[in-house]
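Student: Sending over run-v4.pdb (PDB, C-alpha atoms and all ligand atoms).
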```
ATOM      1  CA  MET T   1       0.000   0.000   0.000
ATOM      2  CA  THR T   2       1.394   3.428  -0.938
ATOM      3  CA  THR T   3       0.985   6.358   1.422
ATOM      4  CA  SER T   4      -1.771   7.910  -0.704
ATOM      5  CA  GLU T   5      -3.616   4.596  -0.953
ATOM      6  CA  MET T   6      -3.308   4.188   2.804
ATOM      7  CA  LEU T   7      -4.710   7.660   3.525
ATOM      8  CA  LYS T   8      -7.534   7.185   1.030
ATOM      9  CA  LYS T   9      -8.519   3.798   2.423
ATOM     10  CA  TYR T  10      -8.364   4.733   6.102
ATOM     11  CA  GLY T  11      -9.927   8.146   5.440
ATOM     12  CA  ALA T  12     -12.976   6.548   3.823
ATOM     13  CA  GLU T  13     -13.310   3.889   6.527
ATOM     14  CA  VAL T  14     -12.978   6.409   9.339
ATOM     15  CA  SER T  15     -15.429   8.832   7.760
ATOM     16  CA  SER T  16     -18.101   6.176   7.348
ATOM     17  CA  SER T  17     -17.542   4.946  10.890
ATOM     18  CA  LEU T  18     -17.699   8.505  12.301
ATOM     19  CA  GLU T  19     -21.078   9.028  10.623
ATOM     20  CA  THR T  20     -22.556   6.254  12.711
ATOM     21  CA  TYR T  21     -21.668   7.958  15.987
ATOM     22  CA  ILE T  22     -23.489  11.235  15.375
ATOM     23  CA  ALA T  23     -27.171  10.975  16.240
ATOM     24  CA  ASP T  24     -29.895  13.092  14.632
ATOM     25  CA  GLY T  25     -31.027  14.518  17.956
ATOM     26  CA  SER T  26     -34.410  15.846  18.985
ATOM     27  CA  GLU T  27     -36.161  19.216  18.562
ATOM     28  CA  TYR T  28     -33.402  21.123  20.380
ATOM     29  CA  SER T  29     -30.421  18.757  20.573
ATOM     30  CA  HIS T  30     -30.287  18.417  16.795
ATOM     31  CA  SER T  31     -28.601  21.857  16.711
ATOM     32  CA  VAL T  32     -25.549  20.572  18.510
ATOM     33  CA  PHE T  33     -25.482  17.309  16.540
ATOM     34  CA  ASP T  34     -25.712  19.301  13.288
ATOM     35  CA  ALA T  35     -22.724  21.413  14.341
ATOM     36  CA  MET T  36     -20.740  18.337  15.390
ATOM     37  CA  ARG T  37     -21.486  16.605  12.086
ATOM     38  CA  TYR T  38     -20.713  19.756  10.097
ATOM     39  CA  SER T  39     -17.195  20.010  11.532
ATOM     40  CA  LEU T  40     -16.424  16.318  11.791
ATOM     41  CA  MET T  41     -17.567  15.293   8.311
ATOM     42  CA  ASN T  42     -15.957  18.289   6.676
ATOM     43  CA  GLY T  43     -12.978  16.785   4.909
ATOM     44  CA  GLY T  44     -10.119  16.760   7.386
ATOM     45  CA  LYS T  45      -6.968  14.918   6.311
ATOM     46  CA  ARG T  46      -7.635  12.212   8.968
ATOM     47  CA  ILE T  47      -3.911  11.937   9.720
ATOM     48  CA  ARG T  48      -4.332  10.945  13.371
ATOM     49  CA  PRO T  49      -6.802   8.104  12.694
ATOM     50  CA  ALA T  50      -4.561   6.866   9.871
ATOM     51  CA  LEU T  51      -1.680   6.665  12.359
ATOM     52  CA  VAL T  52      -3.790   4.637  14.786
ATOM     53  CA  LEU T  53      -4.829   2.178  12.077
ATOM     54  CA  GLU T  54      -1.468   1.833  10.342
ATOM     55  CA  PHE T  55       0.476   1.321  13.575
ATOM     56  CA  ALA T  56      -2.070  -1.310  14.558
ATOM     57  CA  ARG T  57      -1.666  -3.012  11.174
ATOM     58  CA  ILE T  58       2.132  -3.051  11.084
ATOM     59  CA  ASN T  59       2.187  -4.441  14.595
ATOM     60  CA  GLY T  60       0.114  -7.382  13.409
ATOM     61  CA  LEU T  61      -3.492  -6.552  14.350
ATOM     62  CA  SER T  62      -5.643  -8.833  12.240
ATOM     63  CA  ASP T  63      -9.118  -7.479  13.010
ATOM     64  CA  MET T  64      -8.822  -3.764  12.296
ATOM     65  CA  SER T  65     -12.248  -3.104  13.793
ATOM     66  CA  ALA T  66     -10.514  -3.341  17.190
ATOM     67  CA  ALA T  67      -8.657  -0.102  16.463
ATOM     68  CA  MET T  68     -11.491   1.810  14.766
ATOM     69  CA  PRO T  69     -13.154   3.236  17.924
ATOM     70  CA  PHE T  70      -9.829   4.818  18.910
ATOM     71  CA  ALA T  71      -9.200   6.126  15.387
ATOM     72  CA  CYS T  72     -12.634   7.789  15.524
ATOM     73  CA  ALA T  73     -12.186   9.020  19.086
ATOM     74  CA  ILE T  74      -8.954  10.861  18.321
ATOM     75  CA  GLU T  75     -10.493  12.501  15.240
ATOM     76  CA  MET T  76     -13.413  13.691  17.397
ATOM     77  CA  ILE T  77     -11.033  15.254  19.909
ATOM     78  CA  HIS T  78      -8.943  16.787  17.147
ATOM     79  CA  THR T  79     -12.080  18.270  15.548
ATOM     80  CA  TYR T  80     -13.216  19.702  18.886
ATOM     81  CA  SER T  81      -9.787  21.310  19.287
ATOM     82  CA  LEU T  82     -10.154  22.953  15.857
ATOM     83  CA  ILE T  83     -13.669  24.259  16.608
ATOM     84  CA  HIS T  84     -12.450  25.883  19.821
ATOM     85  CA  ASP T  85      -9.170  27.049  18.245
ATOM     86  CA  ASP T  86     -11.141  29.058  15.665
ATOM     87  CA  LEU T  87     -13.385  30.827  18.193
ATOM     88  CA  PRO T  88     -13.083  34.628  18.470
ATOM     89  CA  CYS T  89     -11.602  34.264  21.981
ATOM     90  CA  MET T  90      -8.821  32.069  20.539
ATOM     91  CA  ASP T  91      -7.507  32.464  16.961
ATOM     92  CA  ASN T  92     -10.649  34.116  15.612
ATOM     93  CA  ASP T  93     -10.570  32.343  12.246
ATOM     94  CA  ASP T  94     -13.600  32.207   9.976
ATOM     95  CA  LEU T  95     -12.568  29.420   7.620
ATOM     96  CA  ARG T  96     -11.894  25.775   8.447
ATOM     97  CA  ARG T  97     -11.547  22.783   6.158
ATOM     98  CA  GLY T  98     -12.633  24.992   3.262
ATOM     99  CA  LYS T  99     -15.930  26.072   4.827
ATOM    100  CA  PRO T 100     -17.091  28.702   7.327
ATOM    101  CA  SER T 101     -15.789  27.804  10.795
ATOM    102  CA  CYS T 102     -18.252  26.126  13.140
ATOM    103  CA  HIS T 103     -19.003  29.315  15.103
ATOM    104  CA  VAL T 104     -19.616  31.236  11.865
ATOM    105  CA  ALA T 105     -22.108  28.629  10.704
ATOM    106  CA  PHE T 106     -23.798  27.866  14.051
ATOM    107  CA  GLY T 107     -22.956  30.718  16.433
ATOM    108  CA  GLU T 108     -20.356  30.803  19.191
ATOM    109  CA  ASP T 109     -22.578  29.222  21.814
ATOM    110  CA  ILE T 110     -23.437  26.127  19.780
ATOM    111  CA  ALA T 111     -19.851  25.834  18.468
ATOM    112  CA  LEU T 112     -18.527  25.836  22.028
ATOM    113  CA  LEU T 113     -21.013  23.137  23.001
ATOM    114  CA  ALA T 114     -20.355  21.099  19.839
ATOM    115  CA  GLY T 115     -16.668  21.028  20.814
ATOM    116  CA  ASP T 116     -17.526  19.967  24.366
ATOM    117  CA  ALA T 117     -19.871  17.262  23.094
ATOM    118  CA  LEU T 118     -17.263  15.907  20.646
ATOM    119  CA  LEU T 119     -14.802  15.554  23.517
ATOM    120  CA  SER T 120     -17.353  13.561  25.538
ATOM    121  CA  LEU T 121     -18.395  11.533  22.513
ATOM    122  CA  ALA T 122     -14.765  10.561  21.958
ATOM    123  CA  PHE T 123     -14.570   8.940  25.374
ATOM    124  CA  GLU T 124     -17.990   7.354  24.971
ATOM    125  CA  THR T 125     -16.847   5.899  21.629
ATOM    126  CA  ALA T 126     -13.550   4.592  23.014
ATOM    127  CA  SER T 127     -15.221   3.045  26.042
ATOM    128  CA  LYS T 128     -17.703   1.190  23.834
ATOM    129  CA  ALA T 129     -14.927  -0.784  22.082
ATOM    130  CA  ASP T 130     -15.934  -4.413  21.681
ATOM    131  CA  PHE T 131     -14.193  -6.597  24.285
ATOM    132  CA  LYS T 132     -14.471  -9.497  21.833
ATOM    133  CA  ASN T 133     -11.603  -8.056  19.802
ATOM    134  CA  ILE T 134      -9.662  -5.965  22.331
ATOM    135  CA  SER T 135      -8.926  -6.601  25.993
ATOM    136  CA  PRO T 136     -10.506  -4.323  28.629
ATOM    137  CA  GLU T 137      -6.968  -3.583  29.822
ATOM    138  CA  ASN T 138      -5.940  -2.254  26.413
ATOM    139  CA  VAL T 139      -9.129  -0.194  26.165
ATOM    140  CA  VAL T 140      -8.303   1.471  29.478
ATOM    141  CA  LYS T 141      -4.713   2.063  28.329
ATOM    142  CA  CYS T 142      -5.953   3.785  25.163
ATOM    143  CA  ILE T 143      -8.467   5.893  27.093
ATOM    144  CA  ASN T 144      -5.678   6.929  29.439
ATOM    145  CA  GLU T 145      -3.515   7.983  26.477
ATOM    146  CA  LEU T 146      -6.402   9.990  24.995
ATOM    147  CA  ALA T 147      -7.176  11.753  28.259
ATOM    148  CA  PHE T 148      -3.540  12.635  28.906
ATOM    149  CA  ALA T 149      -2.796  13.805  25.358
ATOM    150  CA  SER T 150      -5.836  16.039  25.123
ATOM    151  CA  GLY T 151      -5.616  17.560  28.593
ATOM    152  CA  ALA T 152      -3.698  20.247  30.436
ATOM    153  CA  GLU T 153      -0.378  18.459  29.956
ATOM    154  CA  GLY T 154      -1.166  17.880  26.303
ATOM    155  CA  MET T 155      -3.213  19.713  23.689
ATOM    156  CA  VAL T 156      -4.960  22.095  26.108
ATOM    157  CA  GLY T 157      -1.657  22.880  27.814
ATOM    158  CA  GLY T 158      -0.028  23.699  24.474
ATOM    159  CA  GLN T 159      -2.949  25.915  23.508
ATOM    160  CA  VAL T 160      -2.542  27.780  26.814
ATOM    161  CA  ILE T 161       1.117  28.527  26.010
ATOM    162  CA  ASP T 162       0.084  29.557  22.484
ATOM    163  CA  LEU T 163      -2.491  32.048  23.789
ATOM    164  CA  LEU T 164      -0.526  33.439  26.731
ATOM    165  CA  THR T 165       2.572  34.105  24.625
ATOM    166  CA  GLU T 166       0.785  36.042  21.862
ATOM    167  CA  GLY T 167       2.663  39.282  21.247
ATOM    168  CA  LYS T 168       5.622  38.206  23.400
ATOM    169  CA  GLU T 169       9.141  37.240  22.469
ATOM    170  CA  ILE T 170       9.664  33.602  23.402
ATOM    171  CA  SER T 171      12.625  31.241  23.278
ATOM    172  CA  GLU T 172      12.925  28.298  20.920
ATOM    173  CA  ASP T 173      12.555  26.027  23.968
ATOM    174  CA  THR T 174       9.199  27.561  24.867
ATOM    175  CA  LEU T 175       8.061  27.250  21.260
ATOM    176  CA  LYS T 176       9.126  23.604  21.246
ATOM    177  CA  GLU T 177       7.177  22.981  24.459
ATOM    178  CA  MET T 178       4.120  24.700  22.956
ATOM    179  CA  HIS T 179       4.253  22.581  19.803
ATOM    180  CA  PHE T 180       4.809  19.411  21.805
ATOM    181  CA  GLY T 181       1.705  20.191  23.835
ATOM    182  CA  LYS T 182      -0.735  21.459  21.250
ATOM    183  CA  THR T 183       0.183  19.116  18.390
ATOM    184  CA  GLY T 184       2.815  16.557  19.355
ATOM    185  CA  ARG T 185       0.988  14.859  22.212
ATOM    186  CA  MET T 186      -2.061  14.004  20.089
ATOM    187  CA  ILE T 187       0.075  12.620  17.264
ATOM    188  CA  ILE T 188       2.091  10.524  19.709
ATOM    189  CA  CYS T 189      -1.177   9.347  21.263
ATOM    190  CA  ALA T 190      -2.441   8.169  17.871
ATOM    191  CA  ALA T 191       0.694   6.118  17.203
ATOM    192  CA  LYS T 192       0.723   4.662  20.720
ATOM    193  CA  MET T 193      -2.953   3.662  20.603
ATOM    194  CA  GLY T 194      -2.352   1.781  17.367
ATOM    195  CA  CYS T 195       0.500  -0.107  19.038
ATOM    196  CA  ILE T 196      -1.558  -0.839  22.137
ATOM    197  CA  CYS T 197      -4.445  -2.238  20.056
ATOM    198  CA  ALA T 198      -1.978  -4.727  18.537
ATOM    199  CA  ASN T 199      -0.201  -5.586  21.816
ATOM    200  CA  ALA T 200       3.080  -4.264  20.418
ATOM    201  CA  ASP T 201       6.227  -4.899  22.451
ATOM    202  CA  ALA T 202       8.217  -2.153  24.187
ATOM    203  CA  LYS T 203      10.713  -1.737  21.340
ATOM    204  CA  ALA T 204       7.978  -1.326  18.725
ATOM    205  CA  LEU T 205       6.149   1.150  20.968
ATOM    206  CA  GLU T 206       9.296   3.169  21.560
ATOM    207  CA  ALA T 207      10.082   3.427  17.836
ATOM    208  CA  ALA T 208       6.501   4.484  17.095
ATOM    209  CA  THR T 209       6.673   7.142  19.814
ATOM    210  CA  GLU T 210       9.972   8.488  18.501
ATOM    211  CA  TYR T 211       8.603   8.665  14.951
ATOM    212  CA  ALA T 212       5.411  10.397  16.114
ATOM    213  CA  HIS T 213       7.355  12.848  18.243
ATOM    214  CA  ASN T 214       9.369  13.924  15.198
ATOM    215  CA  ILE T 215       6.515  14.034  12.687
ATOM    216  CA  GLY T 216       4.486  15.951  15.278
ATOM    217  CA  ARG T 217       7.148  18.641  15.317
ATOM    218  CA  VAL T 218       7.285  18.647  11.518
ATOM    219  CA  PHE T 219       3.518  18.854  11.351
ATOM    220  CA  GLN T 220       3.291  22.062  13.364
ATOM    221  CA  ILE T 221       6.388  23.653  11.803
ATOM    222  CA  VAL T 222       4.906  23.096   8.336
ATOM    223  CA  ASP T 223       1.535  24.379   9.561
ATOM    224  CA  ASP T 224       3.298  27.564  10.680
ATOM    225  CA  ILE T 225       5.108  27.875   7.323
ATOM    226  CA  LEU T 226       1.862  27.368   5.378
ATOM    227  CA  ASP T 227       0.258  30.132   7.419
ATOM    228  CA  ILE T 228       2.707  32.431   5.588
ATOM    229  CA  THR T 229       3.345  30.775   2.221
ATOM    230  CA  GLY T 230       0.159  28.736   1.705
ATOM    231  CA  ASP T 231      -2.775  29.221  -0.611
ATOM    232  CA  GLU T 232      -6.031  29.727   1.283
ATOM    233  CA  LYS T 233      -8.040  27.778  -1.313
ATOM    234  CA  ILE T 234      -5.772  24.728  -1.032
ATOM    235  CA  LEU T 235      -5.220  25.050   2.714
ATOM    236  CA  GLY T 236      -8.913  25.511   3.514
ATOM    237  CA  LYS T 237      -8.129  27.927   6.337
ATOM    238  CA  PRO T 238      -6.985  31.556   6.473
ATOM    239  CA  ILE T 239      -3.426  32.602   5.642
ATOM    240  CA  GLY T 240      -1.809  35.143   7.945
ATOM    241  CA  SER T 241      -3.713  34.111  11.064
ATOM    242  CA  ASP T 242      -0.514  33.749  13.109
ATOM    243  CA  ALA T 243       0.756  37.208  12.132
ATOM    244  CA  ALA T 244      -2.670  38.742  12.842
ATOM    245  CA  ASN T 245      -2.509  37.226  16.341
ATOM    246  CA  SER T 246       1.189  38.142  16.863
ATOM    247  CA  LYS T 247       2.219  34.519  17.408
ATOM    248  CA  THR T 248       5.815  33.417  17.582
ATOM    249  CA  THR T 249       6.310  30.450  15.257
ATOM    250  CA  TYR T 250       9.313  28.620  13.852
ATOM    251  CA  ALA T 251       8.858  30.696  10.733
ATOM    252  CA  THR T 252       9.180  33.966  12.674
ATOM    253  CA  LEU T 253      12.048  32.612  14.786
ATOM    254  CA  LEU T 254      14.149  30.860  12.114
ATOM    255  CA  GLY T 255      12.686  32.268   8.890
ATOM    256  CA  VAL T 256      10.715  30.123   6.434
ATOM    257  CA  ASP T 257      13.865  28.486   5.004
ATOM    258  CA  GLY T 258      15.380  27.821   8.423
ATOM    259  CA  ALA T 259      12.104  26.342   9.670
ATOM    260  CA  PHE T 260      11.848  24.085   6.603
ATOM    261  CA  ALA T 261      15.446  22.923   7.059
ATOM    262  CA  LEU T 262      14.670  21.941  10.660
ATOM    263  CA  ALA T 263      11.503  20.140   9.538
ATOM    264  CA  SER T 264      13.501  18.233   6.882
ATOM    265  CA  GLU T 265      16.019  17.110   9.500
ATOM    266  CA  LEU T 266      13.250  15.916  11.836
ATOM    267  CA  THR T 267      11.577  14.029   8.963
ATOM    268  CA  GLU T 268      14.761  12.036   8.364
ATOM    269  CA  LYS T 269      14.989  11.217  12.077
ATOM    270  CA  ALA T 270      11.357  10.093  12.086
ATOM    271  CA  LYS T 271      11.933   7.694   9.185
ATOM    272  CA  GLU T 272      15.137   6.284  10.675
ATOM    273  CA  SER T 273      13.482   5.446  13.965
ATOM    274  CA  LEU T 274      10.867   3.330  12.186
ATOM    275  CA  GLN T 275      13.093   1.682   9.585
ATOM    276  CA  CYS T 276      15.427   0.071  12.095
ATOM    277  CA  VAL T 277      12.580  -1.608  13.988
ATOM    278  CA  TYR T 278       9.847  -2.164  11.403
ATOM    279  CA  GLY T 279      11.843  -2.467   8.137
ATOM    280  CA  ASP T 280       9.839  -2.397   4.897
ATOM    281  CA  SER T 281       6.500  -2.706   6.639
ATOM    282  CA  ALA T 282       6.892   0.946   7.658
ATOM    283  CA  ASP T 283       7.159   2.175   4.035
ATOM    284  CA  ALA T 284       3.729   3.847   3.984
ATOM    285  CA  LEU T 285       4.468   5.605   7.291
ATOM    286  CA  CYS T 286       7.872   6.765   6.020
ATOM    287  CA  GLY T 287       6.087   8.085   2.932
ATOM    288  CA  LEU T 288       3.641   9.835   5.240
ATOM    289  CA  ALA T 289       6.528  11.620   6.968
ATOM    290  CA  ASP T 290       7.730  12.927   3.585
ATOM    291  CA  MET T 291       4.203  13.864   2.598
ATOM    292  CA  LEU T 292       3.678  15.871   5.795
ATOM    293  CA  LEU T 293       6.900  17.754   5.158
ATOM    294  CA  ASN T 294       5.939  18.668   1.601
ATOM    295  CA  ARG T 295       2.209  19.115   2.062
ATOM    296  CA  LYS T 296       0.330  22.127   0.747
ATOM    297  CA  ASN T 297      -2.724  21.609   2.951
TER     298      ASN T 297
HETATM  299  C1  LIG T 301      -4.564  21.388  12.057
HETATM  300  O1  LIG T 301      -4.511  19.993  11.968
HETATM  301  C2  LIG T 301      -4.209  21.811  13.438
HETATM  302  C3  LIG T 301      -2.844  21.520  13.838
HETATM  303  C4  LIG T 301      -2.569  20.729  14.812
HETATM  304  C5  LIG T 301      -1.749  22.156  13.142
HETATM  305  P1  LIG T 301      -4.694  19.239  10.578
HETATM  306  O2  LIG T 301      -3.835  19.905   9.545
HETATM  307  O3  LIG T 301      -4.516  17.787  10.796
HETATM  308  O4  LIG T 301      -6.208  19.564  10.224
HETATM  309  P2  LIG T 301      -7.270  18.704   9.402
HETATM  310  O5  LIG T 301      -7.778  17.670  10.336
HETATM  311  O6  LIG T 301      -6.614  18.118   8.202
HETATM  312  O7  LIG T 301      -8.327  19.723   9.050
HETATM  313  C1  LIG T 302      -3.675  24.708  16.787
HETATM  314  O1  LIG T 302      -2.591  25.249  16.091
HETATM  315  C2  LIG T 302      -3.491  23.320  17.124
HETATM  316  C3  LIG T 302      -4.677  22.786  17.834
HETATM  317  C4  LIG T 302      -4.548  22.151  18.938
HETATM  318  C5  LIG T 302      -6.018  22.960  17.308
HETATM  319  P1  LIG T 302      -3.017  26.316  15.016
HETATM  320  O2  LIG T 302      -3.879  27.372  15.613
HETATM  321  O3  LIG T 302      -1.798  26.761  14.288
HETATM  322  O4  LIG T 302      -3.900  25.421  14.039
HETATM  323  P2  LIG T 302      -4.616  26.002  12.737
HETATM  324  O5  LIG T 302      -3.544  26.623  11.876
HETATM  325  O6  LIG T 302      -5.631  27.000  13.193
HETATM  326  O7  LIG T 302      -5.214  24.774  12.102
HETATM  327 MG    MG T 303      -4.212  28.180  17.481
HETATM  328 MG    MG T 304      -5.567  28.315  14.693
HETATM  329 MG    MG T 305      -1.694  27.188  12.245
END
```
Go through the file and emit its structure as structure tokens.
Tutor:
Amino acid sequence: MTTSEMLKKYGAEVSSSLETYIADGSEYSHSVFDAMRYSLMNGGKRIRPALVLEFARINGLSDMSAAMPFACAIEMIHTYSLIHDDLPCMDNDDLRRGKPSCHVAFGEDIALLAGDALLSLAFETASKADFKNISPENVVKCINELAFASGAEGMVGGQVIDLLTEGKEISEDTLKEMHFGKTGRMIICAAKMGCICANADAKALEAATEYAHNIGRVFQIVDDILDITGDEKILGKPIGSDAANSKTTYATLLGVDGAFALASELTEKAKESLQCVYGDSADALCGLADMLLNRKN
């Protein structure tokens, strides 16, 4: 399977599975379900679910349905983080995944609640994994990873640094900590959950974590570069948001070329850490690392 085939296959499977988790709702609750569905089914790249599924596969999981609840759960949390990230009190961005941001389409109040509900739904989804194909112990381990990665020491913590340092000069170390929190933790979580679903051994888990740590850094560095050099139509979100909010990014700290050089170095490290443990079976994931470096959206 090539990297593009992998993303296409998992993307389609995850999207159809996600559909099944969003109810229609009643007279009033349908508003929040509509907003959840609008953001969730709106063409994200589905990178985090693909990592869950591919790490499960290369670690020998035979019944991929065991990993699907966790692939869906992490996409729900990711989508909630984007809905909140776009709110006027955060980045104040009106475009997401090529369409009006959730709060533009549904109002700030419903967008806030749709994000909250997606976070809860993620844990409901993960906890409903079928014990016929995954052990209760592994389900709890995955839920623990999700909770940690999305919380105050993970995504939320990174977002706090991002917001509190707007307009301030910050060191490269602080920027690295911010990226690790807001983006890295969730990407590491995805890789680790895939390994857990397949009962991977410590060495396989460590290599996956190292890879995810590096591609997580690349992911946010490239996101910061695209905020300057990207094309809004291809990116599906506004260009210049970071400058408008006076954010320090790798692009402001090292320049676009310097930031890209760092991202290229980290991509090589990511691939090396997988190749020595997984060999050829990691080809699609190595291709994914290259793709994330060179992406335009
Ligand atoms: C955007 O994530 C937010 C960051 C962590 C940089 P993605 O680029 O994965 O967004 P979607 O899911 O494809 O829309
Ligand atoms: C946010 O980073 C990462 C999240 C946790 C949502 P950004 O604010 O740079 O993400 P985009 O550029 O709006 O997608
Ligand atoms: Mg932000
Ligand atoms: Mg943003
Ligand atoms: Mg950004």
Student: All residues within 6 Å of ligand MG 304 (chain T) are required, counting only C-alpha atoms and all ligand atoms; please report them as a ChimeraX atom specification.
Tutor: /T:85-86,91
Student: Using only C-alpha atoms and all ligand atoms, determine which residues fall within 7 Å of ligand LIG 301 (chain T), then list them as a list of chain:residue names.
Tutor: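 Written in the requested form, the residues are T:Gly43, T:Gly44, T:Lys45, T:Arg46, T:Ile47, T:His78, T:Thr79, T:Leu82, T:Arg97, T:Lys182, T:Thr183, T:Phe219, T:Gln220, T:Asp223, T:Asn297.
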Student: Produce the centre coordinates and the three edge lengths, each in Å to one decimal, of the box along x, y and z that contains all listed atoms of stretch 125-136 of chain T with 6 Å added on each side, as JSON.
Tutor:
```
{"center_x": -13.3, "center_y": -1.8, "center_z": 24.2, "size_x": 20.8, "size_y": 27.4, "size_z": 20.8}
```
Student: Using all atoms listed in the file, what are the residues with an atom within 8 Å of ligand MG 305 (chain T), set out as a ChimeraX atom specification?
Tutor: /T:220,223-224,226-227,241-242
Student: Using all atoms listed in the file, which protein or nucleic acid residues are at most 12 Å from ligand MG 303 (chain T), as a PDB file with C-alpha atoms, keeping the file's coordinate frame?
Tutor:
```pdb
ATOM      1  CA  SER T  81      -9.787  21.310  19.287  1.00  0.00           C
ATOM      2  CA  LEU T  82     -10.154  22.953  15.857  1.00  0.00           C
ATOM      3  CA  ILE T  83     -13.669  24.259  16.608  1.00  0.00           C
ATOM      4  CA  HIS T  84     -12.450  25.883  19.821  1.00  0.00           C
ATOM      5  CA  ASP T  85      -9.170  27.049  18.245  1.00  0.00           C
ATOM      6  CA  ASP T  86     -11.141  29.058  15.665  1.00  0.00           C
ATOM      7  CA  LEU T  87     -13.385  30.827  18.193  1.00  0.00           C
ATOM      8  CA  PRO T  88     -13.083  34.628  18.470  1.00  0.00           C
ATOM      9  CA  CYS T  89     -11.602  34.264  21.981  1.00  0.00           C
ATOM     10  CA  MET T  90      -8.821  32.069  20.539  1.00  0.00           C
ATOM     11  CA  ASP T  91      -7.507  32.464  16.961  1.00  0.00           C
ATOM     12  CA  ASN T  92     -10.649  34.116  15.612  1.00  0.00           C
ATOM     13  CA  ASP T  93     -10.570  32.343  12.246  1.00  0.00           C
ATOM     14  CA  MET T 155      -3.213  19.713  23.689  1.00  0.00           C
ATOM     15  CA  VAL T 156      -4.960  22.095  26.108  1.00  0.00           C
ATOM     16  CA  GLY T 157      -1.657  22.880  27.814  1.00  0.00           C
ATOM     17  CA  GLY T 158      -0.028  23.699  24.474  1.00  0.00           C
ATOM     18  CA  GLN T 159      -2.949  25.915  23.508  1.00  0.00           C
ATOM     19  CA  VAL T 160      -2.542  27.780  26.814  1.00  0.00           C
ATOM     20  CA  ILE T 161       1.117  28.527  26.010  1.00  0.00           C
ATOM     21  CA  ASP T 162       0.084  29.557  22.484  1.00  0.00           C
ATOM     22  CA  LEU T 163      -2.491  32.048  23.789  1.00  0.00           C
ATOM     23  CA  LEU T 164      -0.526  33.439  26.731  1.00  0.00           C
ATOM     24  CA  THR T 165       2.572  34.105  24.625  1.00  0.00           C
ATOM     25  CA  GLU T 166       0.785  36.042  21.862  1.00  0.00           C
ATOM     26  CA  MET T 178       4.120  24.700  22.956  1.00  0.00           C
ATOM     27  CA  HIS T 179       4.253  22.581  19.803  1.00  0.00           C
ATOM     28  CA  GLY T 181       1.705  20.191  23.835  1.00  0.00           C
ATOM     29  CA  LYS T 182      -0.735  21.459  21.250  1.00  0.00           C
ATOM     30  CA  THR T 183       0.183  19.116  18.390  1.00  0.00           C
ATOM     31  CA  GLN T 220       3.291  22.062  13.364  1.00  0.00           C
ATOM     32  CA  ASP T 223       1.535  24.379   9.561  1.00  0.00           C
ATOM     33  CA  ASP T 224       3.298  27.564  10.680  1.00  0.00           C
ATOM     34  CA  ASP T 227       0.258  30.132   7.419  1.00  0.00           C
ATOM     35  CA  LYS T 237      -8.129  27.927   6.337  1.00  0.00           C
ATOM     36  CA  PRO T 238      -6.985  31.556   6.473  1.00  0.00           C
ATOM     37  CA  SER T 241      -3.713  34.111  11.064  1.00  0.00           C
ATOM     38  CA  ASP T 242      -0.514  33.749  13.109  1.00  0.00           C
ATOM     39  CA  ALA T 243       0.756  37.208  12.132  1.00  0.00           C
ATOM     40  CA  ALA T 244      -2.670  38.742  12.842  1.00  0.00           C
ATOM     41  CA  ASN T 245      -2.509  37.226  16.341  1.00  0.00           C
ATOM     42  CA  SER T 246       1.189  38.142  16.863  1.00  0.00           C
ATOM     43  CA  LYS T 247       2.219  34.519  17.408  1.00  0.00           C
ATOM     44  CA  THR T 248       5.815  33.417  17.582  1.00  0.00           C
ATOM     45  CA  THR T 249       6.310  30.450  15.257  1.00  0.00           C
TER      46      THR T 249
END
```
Student: Would you kindly return, as a list of chain:residue names, each protein, DNA or RNA residue with an atom no farther than 6 Å from any atom of stretch 119-123 of chain T, considering all atoms listed in the file and excluding same-chain residues fewer than 4 positions away?
Tutor: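 Skipping anything fewer than 4 positions along the chain leaves T:Ala73, T:Met76, T:Ile77, T:Ser127.
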Student: Using only C-alpha atoms, find the one residue out of T:Ile143, T:Asp173, T:Leu95, T:Glu5 that sits nearest to T:Glu232.
Tutor: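 The answer is T:Leu95, which sits nearest to T:Glu232.
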Student: Which one is closest to ligand LIG 302 (chain T): T:Leu235, T:Met1, T:Met193, T:Val14? Count only C-alpha atoms and all ligand atoms.
Tutor: T:Leu235
Student: Report, in Å to a single decimal, how far apart atom CA of T:Cys197 and atom CA of T:Ala56 are.
Tutor: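 Separation of atom CA of T:Ala56 and atom CA of T:Cys197: 6.1 Å.
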Student: For the structure shown, which residues end up in the PyMOL selection byres (((chain T and resi 211) around 10) and not hetatm)? Put them as JSON, numbers by chain, please?
Tutor: {"T": [187, 188, 191, 205, 206, 207, 208, 209, 210, 212, 213, 214, 215, 216, 266, 267, 268, 269, 270, 271, 272, 273, 274, 275, 285, 286, 289]}
Student: Selection from above, C-alpha atoms, as a compact mmCIF listing (two decimals), in the coordinates of the input, can you write it?
Tutor:
```txt
# COMPACT_ATOMS: atom_id res chain seq x y z
CA ILE T 187 0.08 12.62 17.26
CA ILE T 188 2.09 10.52 19.71
CA ALA T 191 0.69 6.12 17.20
CA LEU T 205 6.15 1.15 20.97
CA GLU T 206 9.30 3.17 21.56
CA ALA T 207 10.08 3.43 17.84
CA ALA T 208 6.50 4.48 17.10
CA THR T 209 6.67 7.14 19.81
CA GLU T 210 9.97 8.49 18.50
CA ALA T 212 5.41 10.40 16.11
CA HIS T 213 7.36 12.85 18.24
CA ASN T 214 9.37 13.92 15.20
CA ILE T 215 6.52 14.03 12.69
CA GLY T 216 4.49 15.95 15.28
CA LEU T 266 13.25 15.92 11.84
CA THR T 267 11.58 14.03 8.96
CA GLU T 268 14.76 12.04 8.36
CA LYS T 269 14.99 11.22 12.08
CA ALA T 270 11.36 10.09 12.09
CA LYS T 271 11.93 7.69 9.18
CA GLU T 272 15.14 6.28 10.68
CA SER T 273 13.48 5.45 13.96
CA LEU T 274 10.87 3.33 12.19
CA GLN T 275 13.09 1.68 9.59
CA LEU T 285 4.47 5.60 7.29
CA CYS T 286 7.87 6.76 6.02
CA ALA T 289 6.53 11.62 6.97
```
